[in-house]
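Structure file structure-v3.cif (mmCIF, C-alpha atoms) is printed below.
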data_upload
loop_
_atom_site.label_atom_id
_atom_site.label_comp_id
_atom_site.auth_asym_id
_atom_site.auth_seq_id
_atom_site.Cartn_x
_atom_site.Cartn_y
_atom_site.Cartn_z
CA MET A 365 15.20 -21.10 -8.08
CA VAL A 366 17.36 -23.25 -5.88
CA PHE A 367 17.21 -26.39 -7.97
CA PRO A 368 18.54 -25.54 -11.41
CA PHE A 369 16.87 -28.38 -13.33
CA PRO A 370 13.34 -28.08 -14.67
CA ARG A 371 10.59 -30.19 -13.17
CA GLY A 372 9.84 -33.45 -14.87
CA ILE A 373 12.39 -35.68 -16.49
CA THR A 374 14.89 -34.70 -19.15
CA PRO A 375 15.19 -36.38 -22.54
CA PRO A 376 18.35 -38.35 -21.60
CA GLU A 377 16.53 -39.70 -18.55
CA ILE A 378 13.55 -40.76 -20.65
CA SER A 379 15.76 -42.60 -23.08
CA PHE A 380 17.54 -44.21 -20.13
CA LEU A 381 14.20 -45.59 -18.97
CA ALA A 382 13.47 -46.78 -22.48
CA GLU A 383 16.57 -48.95 -22.35
CA MET A 384 14.58 -51.34 -20.16
CA GLU A 385 12.43 -52.31 -23.15
CA MET A 386 12.91 -55.88 -24.27
CA VAL A 387 14.11 -56.41 -27.84
CA THR A 388 14.76 -59.59 -29.77
CA ILE A 389 18.32 -60.49 -30.72
CA VAL A 390 19.98 -63.30 -32.61
CA PRO A 391 23.23 -64.02 -30.75
CA ARG A 392 26.39 -64.91 -32.65
CA GLN A 393 28.23 -66.24 -29.60
CA ARG A 394 27.30 -68.37 -26.65
CA LEU A 395 26.78 -66.64 -23.33
CA GLU A 396 25.87 -68.13 -19.98
CA GLY A 397 22.66 -66.90 -18.38
CA LEU A 398 23.05 -63.71 -16.37
CA GLU A 399 21.40 -63.04 -13.02
CA LEU A 400 20.78 -59.28 -13.13
CA LEU A 401 18.89 -56.98 -10.80
CA GLY A 402 16.28 -56.36 -13.46
CA GLY A 403 15.66 -60.10 -13.81
CA PRO A 404 17.49 -63.08 -15.25
CA VAL A 405 18.73 -63.13 -18.85
CA GLU A 406 18.39 -66.47 -20.54
CA PRO A 407 21.54 -68.18 -21.82
CA LEU A 408 22.35 -67.03 -25.34
CA ILE A 409 22.77 -69.93 -27.75
CA PRO A 410 23.24 -69.06 -31.43
CA PRO A 411 21.18 -68.96 -33.54
CA ARG A 412 18.24 -69.07 -31.18
CA ARG A 413 16.29 -65.82 -30.76
CA THR A 414 16.21 -64.35 -27.28
CA SER A 415 14.63 -61.28 -25.69
CA VAL A 416 17.04 -59.09 -23.76
CA PRO A 417 16.83 -55.51 -22.48
CA LEU A 418 17.72 -52.86 -25.03
CA TRP A 419 20.83 -51.73 -23.15
CA LEU A 420 22.25 -55.25 -23.22
CA ALA A 421 21.25 -55.73 -26.83
CA SER A 422 23.01 -52.55 -27.92
CA LEU A 423 26.07 -53.52 -25.88
CA LEU A 424 26.23 -56.93 -27.58
CA LYS A 425 25.59 -55.32 -30.95
CA ARG A 426 28.46 -52.86 -30.49
CA GLN A 427 30.76 -55.77 -29.66
CA ARG A 428 29.48 -57.62 -32.72
CA ARG A 429 28.28 -60.50 -30.62
CA ALA A 430 24.65 -60.31 -31.71
CA ASN A 431 22.26 -58.99 -34.33
CA ILE A 432 19.12 -57.12 -33.32
CA LEU A 433 15.81 -58.03 -34.90
CA PRO A 434 13.96 -54.71 -35.17
CA PRO A 435 10.41 -54.65 -33.77
CA PRO A 436 7.66 -54.99 -36.37
CA TRP A 437 6.64 -51.35 -36.18
CA LEU A 438 10.17 -50.15 -37.01
CA HIS A 439 9.78 -50.96 -40.67
CA PRO A 440 9.21 -48.49 -43.52
CA GLU A 441 5.92 -50.16 -44.45
CA SER A 442 4.52 -50.13 -40.90
CA LEU A 443 5.67 -46.57 -40.30
CA SER A 444 4.16 -45.24 -43.50
CA LEU A 445 0.93 -47.05 -42.63
CA ILE A 446 0.88 -45.33 -39.23
CA LEU A 447 1.79 -42.02 -40.86
CA ASP A 448 -1.18 -42.48 -43.20
CA ILE A 449 -3.46 -43.06 -40.22
CA GLU A 450 -2.12 -39.94 -38.54
CA THR A 451 -2.50 -37.67 -41.54
CA GLN A 452 -5.27 -39.09 -43.74
CA HIS A 453 -7.69 -40.96 -41.46
CA ALA A 454 -10.72 -38.83 -40.59
CA ASP A 455 -11.02 -40.23 -37.06
CA TYR A 456 -7.45 -39.28 -36.24
CA GLN A 457 -7.40 -35.67 -37.46
CA HIS A 458 -6.92 -34.45 -33.91
CA ALA A 459 -6.05 -37.72 -32.16
CA PHE A 460 -2.96 -39.89 -32.15
CA SER A 461 -2.73 -43.31 -33.75
CA PRO A 462 -3.84 -45.95 -31.24
CA PRO A 463 -1.26 -47.47 -28.88
CA PRO A 464 -0.68 -51.22 -28.85
CA PRO A 465 -3.39 -53.04 -26.89
CA LEU A 466 -2.63 -53.85 -23.28
CA PRO A 467 -2.97 -57.47 -22.21
CA GLY A 468 -6.67 -58.20 -21.89
CA GLN A 469 -7.69 -55.40 -24.21
CA PRO A 470 -9.33 -56.58 -27.43
CA LYS A 471 -7.26 -56.42 -30.59
CA LEU A 472 -7.57 -53.26 -32.65
CA ARG A 473 -9.83 -54.77 -35.26
CA ASP A 474 -12.15 -56.29 -32.63
CA ARG A 475 -12.53 -53.06 -30.71
CA GLY A 476 -16.17 -52.15 -30.27
CA THR A 477 -17.34 -55.75 -30.49
CA GLN A 478 -15.41 -57.12 -27.51
CA LYS A 479 -15.24 -55.65 -24.06
CA PRO A 480 -11.86 -55.29 -22.38
CA THR A 481 -11.18 -57.69 -19.57
CA ALA A 482 -8.13 -56.79 -17.54
CA ARG A 483 -5.88 -59.76 -17.00
CA PRO A 484 -3.91 -59.28 -13.79
CA ARG A 485 -0.58 -60.89 -13.07
CA TYR A 486 0.78 -61.87 -9.69
CA THR A 487 4.03 -61.02 -7.93
CA PRO A 488 5.96 -63.75 -6.08
CA GLU A 489 4.19 -62.46 -2.94
CA SER A 490 0.92 -63.19 -4.81
CA GLN A 491 -0.08 -59.55 -5.01
CA ARG A 492 -2.11 -58.55 -8.02
CA TYR A 493 -0.71 -56.07 -10.55
CA TYR A 494 -1.36 -54.92 -14.08
CA PRO A 495 1.79 -54.57 -16.15
CA THR A 496 2.36 -51.42 -18.22
CA PRO A 497 5.27 -50.31 -20.41
CA PRO A 498 8.22 -50.89 -20.08
CA PHE A 499 7.22 -54.26 -18.61
CA LEU A 500 5.26 -55.28 -21.68
CA PRO A 501 7.05 -56.82 -24.63
CA GLN A 502 6.07 -54.13 -27.15
CA ASN A 503 9.33 -54.10 -29.05
CA VAL A 504 10.09 -57.79 -29.60
CA ALA A 505 9.96 -59.25 -33.08
CA GLN A 506 6.72 -60.98 -33.97
CA ASP A 507 6.37 -64.19 -35.96
CA GLN A 508 3.34 -63.11 -37.91
CA ALA A 509 3.45 -60.15 -40.24
CA TYR A 510 0.43 -57.84 -40.55
CA GLU A 511 -0.42 -59.17 -44.02
CA ASP A 512 -0.57 -62.73 -42.72
CA GLY A 513 -3.23 -61.92 -40.17
CA GLY A 514 -1.04 -60.56 -37.38
CA GLU A 515 -1.62 -57.38 -35.44
CA PRO A 516 -1.70 -54.08 -37.34
CA PRO A 517 1.41 -52.04 -36.51
CA THR A 518 1.11 -49.61 -33.60
CA LEU A 519 3.53 -47.22 -31.99
CA PRO A 520 4.60 -48.37 -28.50
CA PHE A 521 5.06 -45.98 -25.57
CA HIS A 522 8.80 -45.62 -26.11
CA TRP A 523 8.67 -45.53 -29.90
CA LEU A 524 10.80 -42.47 -30.47
CA GLU A 525 13.53 -43.49 -28.04
CA VAL A 526 13.74 -47.14 -29.10
CA GLY A 527 13.55 -46.21 -32.78
CA THR A 528 16.28 -43.60 -32.52
CA MET A 529 18.55 -45.84 -30.46
CA LEU A 530 18.16 -48.81 -32.77
CA LEU A 531 18.89 -46.62 -35.79
CA ASP A 532 21.94 -45.35 -33.97
CA VAL A 533 23.40 -48.66 -32.86
CA ALA A 534 22.08 -51.20 -35.30
CA SER A 535 21.31 -49.34 -38.50
CA ASP A 536 22.54 -52.31 -40.55
CA ASP A 537 19.87 -54.54 -38.96
CA VAL A 538 17.04 -52.13 -39.74
CA VAL A 539 15.34 -52.39 -43.12
CA GLU A 540 16.10 -49.30 -45.23
CA PRO A 541 17.53 -47.21 -42.35
CA ASP A 542 17.44 -43.89 -44.21
CA GLN A 543 13.81 -44.29 -45.18
CA THR A 544 12.96 -45.37 -41.62
CA ARG A 545 14.78 -42.40 -40.14
CA ARG A 546 12.91 -40.03 -42.43
CA LEU A 547 9.55 -41.58 -41.53
CA LEU A 548 10.28 -41.39 -37.80
CA LYS A 549 11.10 -37.73 -38.17
CA GLU A 550 7.94 -37.06 -40.14
CA LEU A 551 5.81 -38.88 -37.58
CA ARG A 552 7.33 -36.83 -34.82
CA GLU A 553 6.60 -33.59 -36.63
CA VAL A 554 3.01 -34.54 -37.38
CA ARG A 555 2.37 -35.54 -33.80
CA SER A 556 4.02 -32.53 -32.18
CA ALA A 557 1.87 -30.31 -34.41
CA LYS A 558 -1.16 -32.09 -32.96
CA ILE A 559 0.03 -31.50 -29.41
CA ARG A 560 0.47 -27.83 -30.21
CA ALA A 561 -2.99 -27.64 -31.72
CA GLY A 562 -4.35 -29.19 -28.53
CA VAL A 563 -3.57 -25.98 -26.65
CA GLU A 564 -6.51 -24.30 -28.40
CA VAL A 565 -8.98 -26.63 -26.72
CA LEU A 566 -7.22 -26.80 -23.35
CA ASP A 567 -9.59 -24.13 -22.12
CA ASP A 568 -12.43 -26.61 -21.84
CA ALA A 569 -10.14 -28.88 -19.87
CA ALA A 570 -9.66 -26.27 -17.19
CA VAL A 571 -13.16 -24.85 -16.94
CA ALA A 572 -15.79 -27.19 -18.31
CA GLY A 573 -14.28 -30.55 -17.41
CA GLY A 574 -13.35 -31.35 -21.01
CA GLY A 575 -9.86 -32.29 -22.04
CA VAL A 576 -7.34 -33.26 -24.63
CA THR A 577 -7.02 -36.90 -25.58
CA LEU A 578 -3.44 -37.97 -25.10
CA THR A 579 -4.05 -41.67 -25.80
CA GLY A 580 -1.17 -43.06 -27.78
CA VAL A 581 1.30 -40.28 -27.02
CA GLY A 582 4.85 -41.50 -26.44
CA ALA A 583 7.07 -40.95 -23.43
CA MET A 584 9.37 -38.49 -25.16
CA GLU A 585 6.46 -36.44 -26.45
CA ILE A 586 4.97 -36.20 -22.98
CA GLY A 587 8.36 -35.23 -21.60
CA GLU A 588 8.66 -32.50 -24.18
CA GLY A 589 5.19 -31.11 -23.68
CA ARG A 590 4.68 -31.47 -19.96
CA GLY A 591 6.13 -28.15 -18.86
CA PHE A 592 4.17 -26.13 -21.36
CA ILE A 593 0.85 -27.97 -21.17
CA GLY A 594 0.96 -28.08 -17.40
CA GLY A 595 1.74 -24.37 -17.30
CA VAL A 596 -1.14 -23.47 -19.59
CA VAL A 597 -3.68 -25.57 -17.69
CA ASP A 598 -2.47 -24.15 -14.40
CA GLY A 599 -2.69 -20.57 -15.72
CA LEU A 600 -6.23 -21.14 -16.95
CA ARG A 601 -7.19 -22.70 -13.65
CA ARG A 602 -5.91 -19.67 -11.71
CA ILE A 603 -7.78 -17.23 -13.95
CA GLY A 604 -10.94 -19.26 -13.72
CA ALA A 605 -10.59 -19.91 -9.98
CA SER A 606 -13.01 -17.20 -8.87
CA LYS A 607 -15.66 -18.27 -11.36
CA GLU A 608 -15.16 -21.87 -10.36
CA GLN A 609 -15.54 -20.92 -6.72
CA ALA A 610 -18.79 -19.08 -7.41
CA ARG A 611 -20.12 -21.98 -9.43
CA ARG A 612 -19.29 -24.43 -6.70
CA GLU A 613 -20.95 -22.30 -4.05
CA GLN A 614 -24.07 -22.17 -6.19
CA LEU A 615 -24.01 -25.92 -6.61
CA ALA A 616 -23.52 -26.45 -2.90
CA GLU A 617 -26.36 -24.08 -2.12
CA ALA A 618 -28.66 -25.85 -4.55
CA ALA A 619 -27.71 -29.23 -3.16
CA ASN A 620 -27.93 -28.40 0.52
CA GLY A 621 -30.95 -26.12 0.43
CA GLY A 622 -29.17 -22.89 1.16
CA TYR A 623 -26.43 -24.31 3.34
CA ASP A 624 -23.31 -22.51 2.20
CA ALA A 625 -20.58 -25.12 2.13
CA THR A 626 -17.42 -24.88 0.10
CA GLN A 627 -16.41 -28.36 -0.77
CA ASP A 628 -12.68 -28.28 -1.04
CA ASP A 629 -12.53 -32.03 -1.48
CA TYR A 630 -13.69 -31.61 -5.06
CA ASP A 631 -10.74 -29.36 -5.86
CA GLU A 632 -8.54 -32.03 -7.35
CA MET A 633 -11.28 -33.95 -9.08
CA GLU A 634 -12.33 -31.04 -11.26
CA PHE A 635 -9.09 -30.99 -13.17
CA MET B 882 2.34 -19.80 -4.19
CA SER B 883 4.90 -19.73 -1.46
CA TYR B 884 5.79 -17.08 1.08
CA TYR B 885 9.04 -16.16 -0.66
CA ASP B 886 7.58 -16.17 -4.16
CA ILE B 887 9.06 -13.00 -5.69
CA ASP B 888 6.36 -12.75 -8.33
CA SER B 889 3.59 -12.78 -5.79
CA ILE B 890 5.40 -10.14 -3.70
CA LEU B 891 5.71 -7.96 -6.80
CA THR B 892 2.04 -8.51 -7.55
CA ASP B 893 1.24 -7.34 -4.02
CA ALA B 894 2.96 -4.04 -4.81
CA GLN B 895 0.77 -3.28 -7.82
CA LYS B 896 -1.27 -0.10 -7.38
CA LEU B 897 -5.03 -0.19 -7.11
CA PRO B 898 -7.21 2.96 -7.17
CA CYS B 899 -8.94 3.44 -3.82
CA THR B 900 -11.44 6.01 -2.60
CA PHE B 901 -11.47 6.89 1.10
CA GLU B 902 -14.92 6.81 2.70
CA LEU B 903 -13.91 8.32 6.03
CA ASP B 904 -11.61 11.07 7.29
CA VAL B 905 -8.41 9.52 8.57
CA PRO B 906 -6.25 11.66 10.85
CA GLY B 907 -2.54 11.64 10.17
CA LEU B 908 -2.60 9.45 7.10
CA GLY B 909 -1.76 12.28 4.72
CA VAL B 910 1.61 10.63 4.18
CA LEU B 911 -0.05 8.44 1.57
CA GLU B 912 -0.94 11.51 -0.43
CA GLY B 913 2.49 13.04 -0.05
CA ASN B 914 1.75 15.59 2.72
CA PRO B 915 2.92 14.03 5.99
CA GLY B 916 1.20 15.15 9.15
CA GLU B 917 -2.02 16.16 7.39
CA ASN B 918 -5.35 14.35 7.53
CA ILE B 919 -6.94 12.43 4.70
CA LYS B 920 -10.41 13.61 3.79
CA ALA B 921 -13.33 11.42 2.82
CA GLY B 922 -13.66 11.07 -0.94
CA THR B 923 -9.95 11.29 -1.70
CA ARG B 924 -8.77 9.00 -4.51
CA ILE B 925 -5.33 7.50 -4.08
CA ASP B 926 -3.55 4.61 -5.74
CA LEU B 927 -2.64 2.17 -2.98
CA PRO B 928 -0.67 -1.06 -3.26
CA LEU B 929 -2.78 -4.19 -3.50
CA TRP B 930 -1.82 -5.51 -0.08
CA LEU B 931 -2.78 -2.25 1.66
CA GLY B 932 -5.96 -1.61 -0.27
CA GLU B 933 -7.10 -5.16 0.30
CA MET B 934 -6.66 -4.84 4.07
CA LEU B 935 -8.32 -1.42 4.28
CA SER B 936 -11.33 -2.50 2.29
CA ILE B 937 -11.89 -5.59 4.40
CA GLY B 938 -14.74 -3.89 6.24
CA ALA B 939 -16.69 -3.97 3.00
CA ARG B 940 -16.79 -7.69 3.09
CA LEU B 941 -17.67 -7.91 6.76
CA GLY B 942 -20.63 -5.58 6.26
CA THR B 943 -19.41 -2.92 8.71
CA SER B 944 -18.41 0.58 7.68
CA ARG B 945 -15.42 0.40 5.40
CA LEU B 946 -12.42 2.62 5.18
CA VAL B 947 -11.90 2.61 1.41
CA THR B 948 -13.70 1.38 -1.66
CA LEU B 949 -11.65 -0.33 -4.34
CA ASP B 950 -11.79 0.24 -8.04
CA ILE B 951 -10.69 -1.93 -10.91
CA PRO B 952 -7.12 -0.96 -11.92
CA SER B 953 -6.56 0.62 -15.31
CA ALA B 954 -4.82 -2.54 -16.54
CA LEU B 955 -8.16 -4.34 -16.34
CA SER B 956 -10.36 -1.45 -17.48
CA GLU B 957 -13.14 -1.63 -20.03
CA ARG B 958 -10.85 -0.22 -22.71
CA VAL B 959 -8.26 -2.96 -22.23
CA MET B 960 -10.95 -5.64 -22.12
CA ASN B 961 -12.33 -4.44 -25.45
CA ALA B 962 -8.86 -4.50 -26.95
CA LEU B 963 -8.35 -8.05 -25.69
CA LYS B 964 -11.70 -9.08 -27.09
CA ALA B 965 -10.75 -7.68 -30.49
CA ASP B 966 -7.32 -9.29 -30.75
CA PRO B 967 -5.51 -10.79 -27.74
CA ARG B 968 -2.22 -11.02 -29.61
CA THR B 969 -1.60 -7.35 -30.24
CA VAL B 970 -1.98 -6.09 -26.65
CA ASP B 971 1.24 -5.36 -24.78
CA LEU B 972 0.39 -6.90 -21.40
CA ARG B 973 3.80 -6.17 -19.96
CA ALA B 974 3.28 -2.44 -20.36
CA LEU B 975 -0.03 -2.71 -18.50
CA ALA B 976 1.38 -4.71 -15.59
CA PRO B 977 4.50 -6.91 -15.40
CA ASN B 978 2.55 -9.62 -13.56
CA TYR B 979 -0.65 -9.13 -15.49
CA TYR B 980 -2.32 -12.50 -14.92
CA ARG B 981 -1.40 -12.69 -11.26
CA LEU B 982 -2.78 -9.20 -10.77
CA SER B 983 -6.02 -10.12 -12.51
CA GLU B 984 -6.27 -13.24 -10.38
CA ARG B 985 -6.11 -11.15 -7.24
CA VAL B 986 -8.53 -8.56 -8.60
CA LEU B 987 -10.99 -11.26 -9.63
CA GLU B 988 -10.93 -12.55 -6.07
CA LEU B 989 -12.11 -9.12 -4.95
CA PHE B 990 -14.63 -8.39 -7.69
CA GLU B 991 -17.14 -10.68 -9.29
CA GLU B 992 -16.64 -10.22 -13.00
CA GLU B 993 -17.74 -13.31 -14.90
CA GLU B 994 -17.21 -11.73 -18.28
CA MET B 995 -13.68 -10.67 -17.40
CA VAL B 996 -12.82 -14.28 -16.50
CA ASP B 997 -13.99 -15.43 -19.91
CA ILE B 998 -12.08 -12.72 -21.75
CA LEU B 999 -8.89 -13.37 -19.81
CA SER B 1000 -9.09 -17.16 -20.24
CA ASN B 1001 -9.57 -16.69 -23.94
CA THR B 1002 -6.67 -14.24 -24.08
CA PHE B 1003 -4.37 -16.58 -22.18
CA LYS B 1004 -5.27 -19.52 -24.40
CA LYS B 1005 -4.81 -17.65 -27.68
CA ARG B 1006 -1.52 -16.17 -26.58
CA ALA B 1007 -0.30 -19.52 -25.25
CA ALA B 1008 -0.78 -21.06 -28.69
CA GLU B 1009 1.22 -18.20 -30.18
CA ILE B 1010 3.92 -18.62 -27.53
CA ALA B 1011 4.20 -22.33 -28.36
CA ASP B 1012 4.78 -21.50 -32.02
CA HIS B 1013 7.49 -18.99 -31.18
CA ALA B 1014 9.10 -21.30 -28.63
CA HIS B 1015 9.58 -24.05 -31.20
CA ASN B 1016 11.37 -21.68 -33.49
CA PRO B 1017 15.02 -22.74 -33.15
CA LYS B 1018 16.19 -19.14 -33.42
CA GLY B 1019 14.46 -18.48 -30.11
CA ALA B 1020 13.34 -14.94 -29.42
CA LEU B 1021 15.24 -13.47 -32.33
CA GLY B 1022 12.75 -14.26 -35.10
CA ASP B 1023 10.00 -12.00 -36.36
CA GLY B 1024 7.96 -12.35 -33.16
CA VAL B 1025 10.12 -9.96 -31.15
CA GLU B 1026 7.34 -7.43 -30.91
CA PHE B 1027 4.88 -9.96 -29.53
CA LEU B 1028 7.38 -11.61 -27.20
CA ARG B 1029 8.36 -8.28 -25.69
CA GLY B 1030 4.75 -7.80 -24.59
CA LEU B 1031 4.54 -11.06 -22.64
CA ASP B 1032 3.82 -10.82 -18.94
CA GLU B 1033 5.86 -12.73 -16.35
CA THR B 1034 3.68 -15.87 -16.37
CA GLU B 1035 3.84 -16.02 -20.14
CA ARG B 1036 7.57 -15.52 -20.16
CA GLN B 1037 8.02 -18.51 -17.90
CA LEU B 1038 5.77 -20.50 -20.20
CA PHE B 1039 7.87 -19.45 -23.17
CA ARG B 1040 11.07 -20.40 -21.40
CA VAL B 1041 9.75 -23.84 -20.39
CA ALA B 1042 8.46 -24.59 -23.88
CA HIS B 1043 11.63 -23.37 -25.52
CA ASP B 1044 13.95 -25.26 -23.19
CA SER B 1045 12.13 -28.56 -23.45
CA ALA B 1046 12.01 -28.34 -27.24
CA LYS B 1047 15.71 -27.52 -27.26
CA ASP B 1048 16.60 -30.36 -24.87
CA THR B 1049 14.75 -32.83 -27.06
CA ARG B 1050 16.55 -31.55 -30.14
CA ILE B 1051 19.87 -31.93 -28.38
CA TRP B 1052 19.00 -35.48 -27.38
CA ALA B 1053 18.00 -36.32 -30.94
CA GLY B 1054 21.33 -34.96 -32.13
CA GLU B 1055 19.75 -32.22 -34.25
CA ALA B 1056 21.23 -29.40 -32.24
CA LYS B 1057 24.54 -28.86 -30.53
CA LYS B 1058 24.95 -28.58 -26.80
CA ARG B 1059 25.36 -25.12 -25.46
#
Kindly transcribe the structure held in the file into structure tokens.
Amino acid sequence: MVFPFPRGITPPEISFLAEMEMVTIVPRQRLEGLELLGGPVEPLIPPRRTSVPLWLASLLKRQRRANILPPPWLHPESLSLILDIETQHADYQHAFSPPPPLPGQPKLRDRGTQKPTARPRYTPESQRYYPTPPFLPQNVAQDQAYEDGGEPPTLPFHWLEVGTMLLDVASDDVVEPDQTRRLLKELREVRSAKIRAGVEVLDDAAVAGGGVTLTGVGAMEIGEGRGFIGGVVDGLRRIGASKEQARREQLAEAANGGYDATQDDYDEMEF
Amino acid sequence: MSYYDIDSILTDAQKLPCTFELDVPGLGVLEGNPGENIKAGTRIDLPLWLGEMLSIGARLGTSRLVTLDIPSALSERVMNALKADPRTVDLRALAPNYYRLSERVLELFEEEEMVDILSNTFKKRAAEIADHAHNPKGALGDGVEFLRGLDETERQLFRVAHDSAKDTRIWAGEAKKR
């Protein structure tokens, strides 16, 4: 091993990326607009709410120049609701609670009745793109609460990082910080147990084209599991390689009427 | 698998039982009597890389020099033990690079059932490894017996799982840095 670090990204790097998430703050002091590499920051005029990147928000919070409005999911009620879904709901015994809908995806309660229609955005060079986290405002405060007909709470991609950092920096802005911290920890334990249980069915992923649903898994959880899950799938693939080869030859023979072609192009697609 | 991959070099050195089909003059050195001839029908354990090359005639359809046998690590007895309970078998004692060896052997022999048994073994043991890896005490808990029997692939898996769990705990402030 020449390069001493493991493959993939380390937890500090993941939380560094999560600092790009936009959060809502209520400034206490005026600040001129900033032209930053990551995009302009609007002028801060108290007491108007503004969305700024998490790193700037925590900087301002540490200097007591702003208060952070925690995202709607970082609330004991929302978290215990999600925890209920994770542990009690029959549909989610082996799956993770659904992620927030992407732009264009139907809302959670309309799912099944409406079809998703992807809504592209355009760069200044008028190239089409579809935004994903961290370029989606998943952690800004919402005006409508769930009870008043707003969205049901969902865990965003960077939930663990943003939650932990906000509890660290701005625990006085979070509702019932101790309760929230406990719920975050419980959620993490429940979900990592599910990832571990997923190893039992990984076999089908490698041989029969099945797989493990990772919809709704957060960045930190992927970072934690990637080395192990990747290793297991790779090991199973190597053991099953000869069987796979035989199966593919049979298929090729059946398809081409006896012509023995090994189709290496399908290699990647199988897994 | 790269050229300088130590594990694959070590796998190449694993012994495989071979039976000579022909008399070979001057190859008695393999049996331990240099200068002598090797007679047809002699059984010798040869390293994988040598046995593979000598048996290549078998695959080309011409007369072959040796016939290969399945090594004892993958014998019927071991397969039955793995079928009964994958967790109790000491793979390391059978071969340090057990899974890599079986990969290579499965390339040479067509053994569909063995593939199924080995996949199942790997999967069951991987789940067990994950449980042990998340134990903050590391390899010092009650699983010592099981962890000692891991082969090289599984040890790497254990290390990766343990390190990533530890790194995350350090980030979350639950554990101290080393």
*Evaluate the PyMOL selection byres ((chain A and resi 578-588) around 6) and report residues as a PyMOL selection string*: (chain A and resi 460+462-463+521-522+577+589-590) or (chain B and resi 1045)
*What is the distance, in Å and to one decimal place, between CA of Leu1038 in chain B and CA of Arg1006 in chain B?*
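So the two atoms, CA of Leu1038 in chain B and CA of Arg1006 in chain B, lie 10.6 Å apart.
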*Spell out the residues picked by the PyMOL selection byres ((chain B) within 7 of (chain A)) here, as number ranges by chain.*
B: 984, 987-988, 993, 996, 1000, 1004-1005, 1007-1008, 1011, 1038, 1041-1042, 1045-1046, 1048-1049, 1052
*Kindly provide, as an MDAnalysis selection string, the polymer residues lying within 8 Å of (-11.6, 6.5, -0.9), counting only C-alpha atoms and using the coordinates exactly as they appear in the file.*
chainID B and resid 899:903 921:925 946:949
Explicit residues for the PyMOL selection byres ((chain B and resi 965-979) around 12) (as a CSV table (one decimal) with C-alpha atoms, keeping the file's coordinate frame):
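Heads up, here's the output in selection_16.csv:
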chain,number,residue,atom,x,y,z
A,599,GLY,CA,-2.7,-20.6,-15.7
A,603,ILE,CA,-7.8,-17.2,-14.0
B,887,ILE,CA,9.1,-13.0,-5.7
B,888,ASP,CA,6.4,-12.8,-8.3
B,889,SER,CA,3.6,-12.8,-5.8
B,890,ILE,CA,5.4,-10.1,-3.7
B,891,LEU,CA,5.7,-8.0,-6.8
B,892,THR,CA,2.0,-8.5,-7.6
B,893,ASP,CA,1.2,-7.3,-4.0
B,894,ALA,CA,3.0,-4.0,-4.8
B,895,GLN,CA,0.8,-3.3,-7.8
B,896,LYS,CA,-1.3,-0.1,-7.4
B,897,LEU,CA,-5.0,-0.2,-7.1
B,952,PRO,CA,-7.1,-1.0,-11.9
B,953,SER,CA,-6.6,0.6,-15.3
B,954,ALA,CA,-4.8,-2.5,-16.5
B,955,LEU,CA,-8.2,-4.3,-16.3
B,956,SER,CA,-10.4,-1.4,-17.5
B,958,ARG,CA,-10.8,-0.2,-22.7
B,959,VAL,CA,-8.3,-3.0,-22.2
B,960,MET,CA,-11.0,-5.6,-22.1
B,961,ASN,CA,-12.3,-4.4,-25.4
B,962,ALA,CA,-8.9,-4.5,-27.0
B,963,LEU,CA,-8.4,-8.0,-25.7
B,964,LYS,CA,-11.7,-9.1,-27.1
B,980,TYR,CA,-2.3,-12.5,-14.9
B,981,ARG,CA,-1.4,-12.7,-11.3
B,982,LEU,CA,-2.8,-9.2,-10.8
B,983,SER,CA,-6.0,-10.1,-12.5
B,984,GLU,CA,-6.3,-13.2,-10.4
B,985,ARG,CA,-6.1,-11.2,-7.2
B,986,VAL,CA,-8.5,-8.6,-8.6
B,998,ILE,CA,-12.1,-12.7,-21.8
B,999,LEU,CA,-8.9,-13.4,-19.8
B,1000,SER,CA,-9.1,-17.2,-20.2
B,1001,ASN,CA,-9.6,-16.7,-23.9
B,1002,THR,CA,-6.7,-14.2,-24.1
B,1003,PHE,CA,-4.4,-16.6,-22.2
B,1004,LYS,CA,-5.3,-19.5,-24.4
B,1005,LYS,CA,-4.8,-17.6,-27.7
B,1006,ARG,CA,-1.5,-16.2,-26.6
B,1007,ALA,CA,-0.3,-19.5,-25.2
B,1008,ALA,CA,-0.8,-21.1,-28.7
B,1009,GLU,CA,1.2,-18.2,-30.2
B,1010,ILE,CA,3.9,-18.6,-27.5
B,1024,GLY,CA,8.0,-12.4,-33.2
B,1025,VAL,CA,10.1,-10.0,-31.2
B,1026,GLU,CA,7.3,-7.4,-30.9
B,1027,PHE,CA,4.9,-10.0,-29.5
B,1028,LEU,CA,7.4,-11.6,-27.2
B,1029,ARG,CA,8.4,-8.3,-25.7
B,1030,GLY,CA,4.8,-7.8,-24.6
B,1031,LEU,CA,4.5,-11.1,-22.6
B,1032,ASP,CA,3.8,-10.8,-18.9
B,1033,GLU,CA,5.9,-12.7,-16.4
B,1034,THR,CA,3.7,-15.9,-16.4
B,1035,GLU,CA,3.8,-16.0,-20.1
B,1036,ARG,CA,7.6,-15.5,-20.2
B,1037,GLN,CA,8.0,-18.5,-17.9
*Quick one: residues within 8 Å of Pro391 in chain A, only C-alpha atoms counted, chain neighbours fewer than 3 positions away excluded, as number ranges by chain?*
A: 394, 408-414, 429-431
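Between CA of Leu423 in chain A and CA of Ile389 in chain A lies a distance of 11.5 Å.
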*May I ask for the distance between CA of Ala619 in chain A and CA of Glu991 in chain B, given in Å to one decimal place?*
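That distance, rounded to one decimal, is 22.2 Å.
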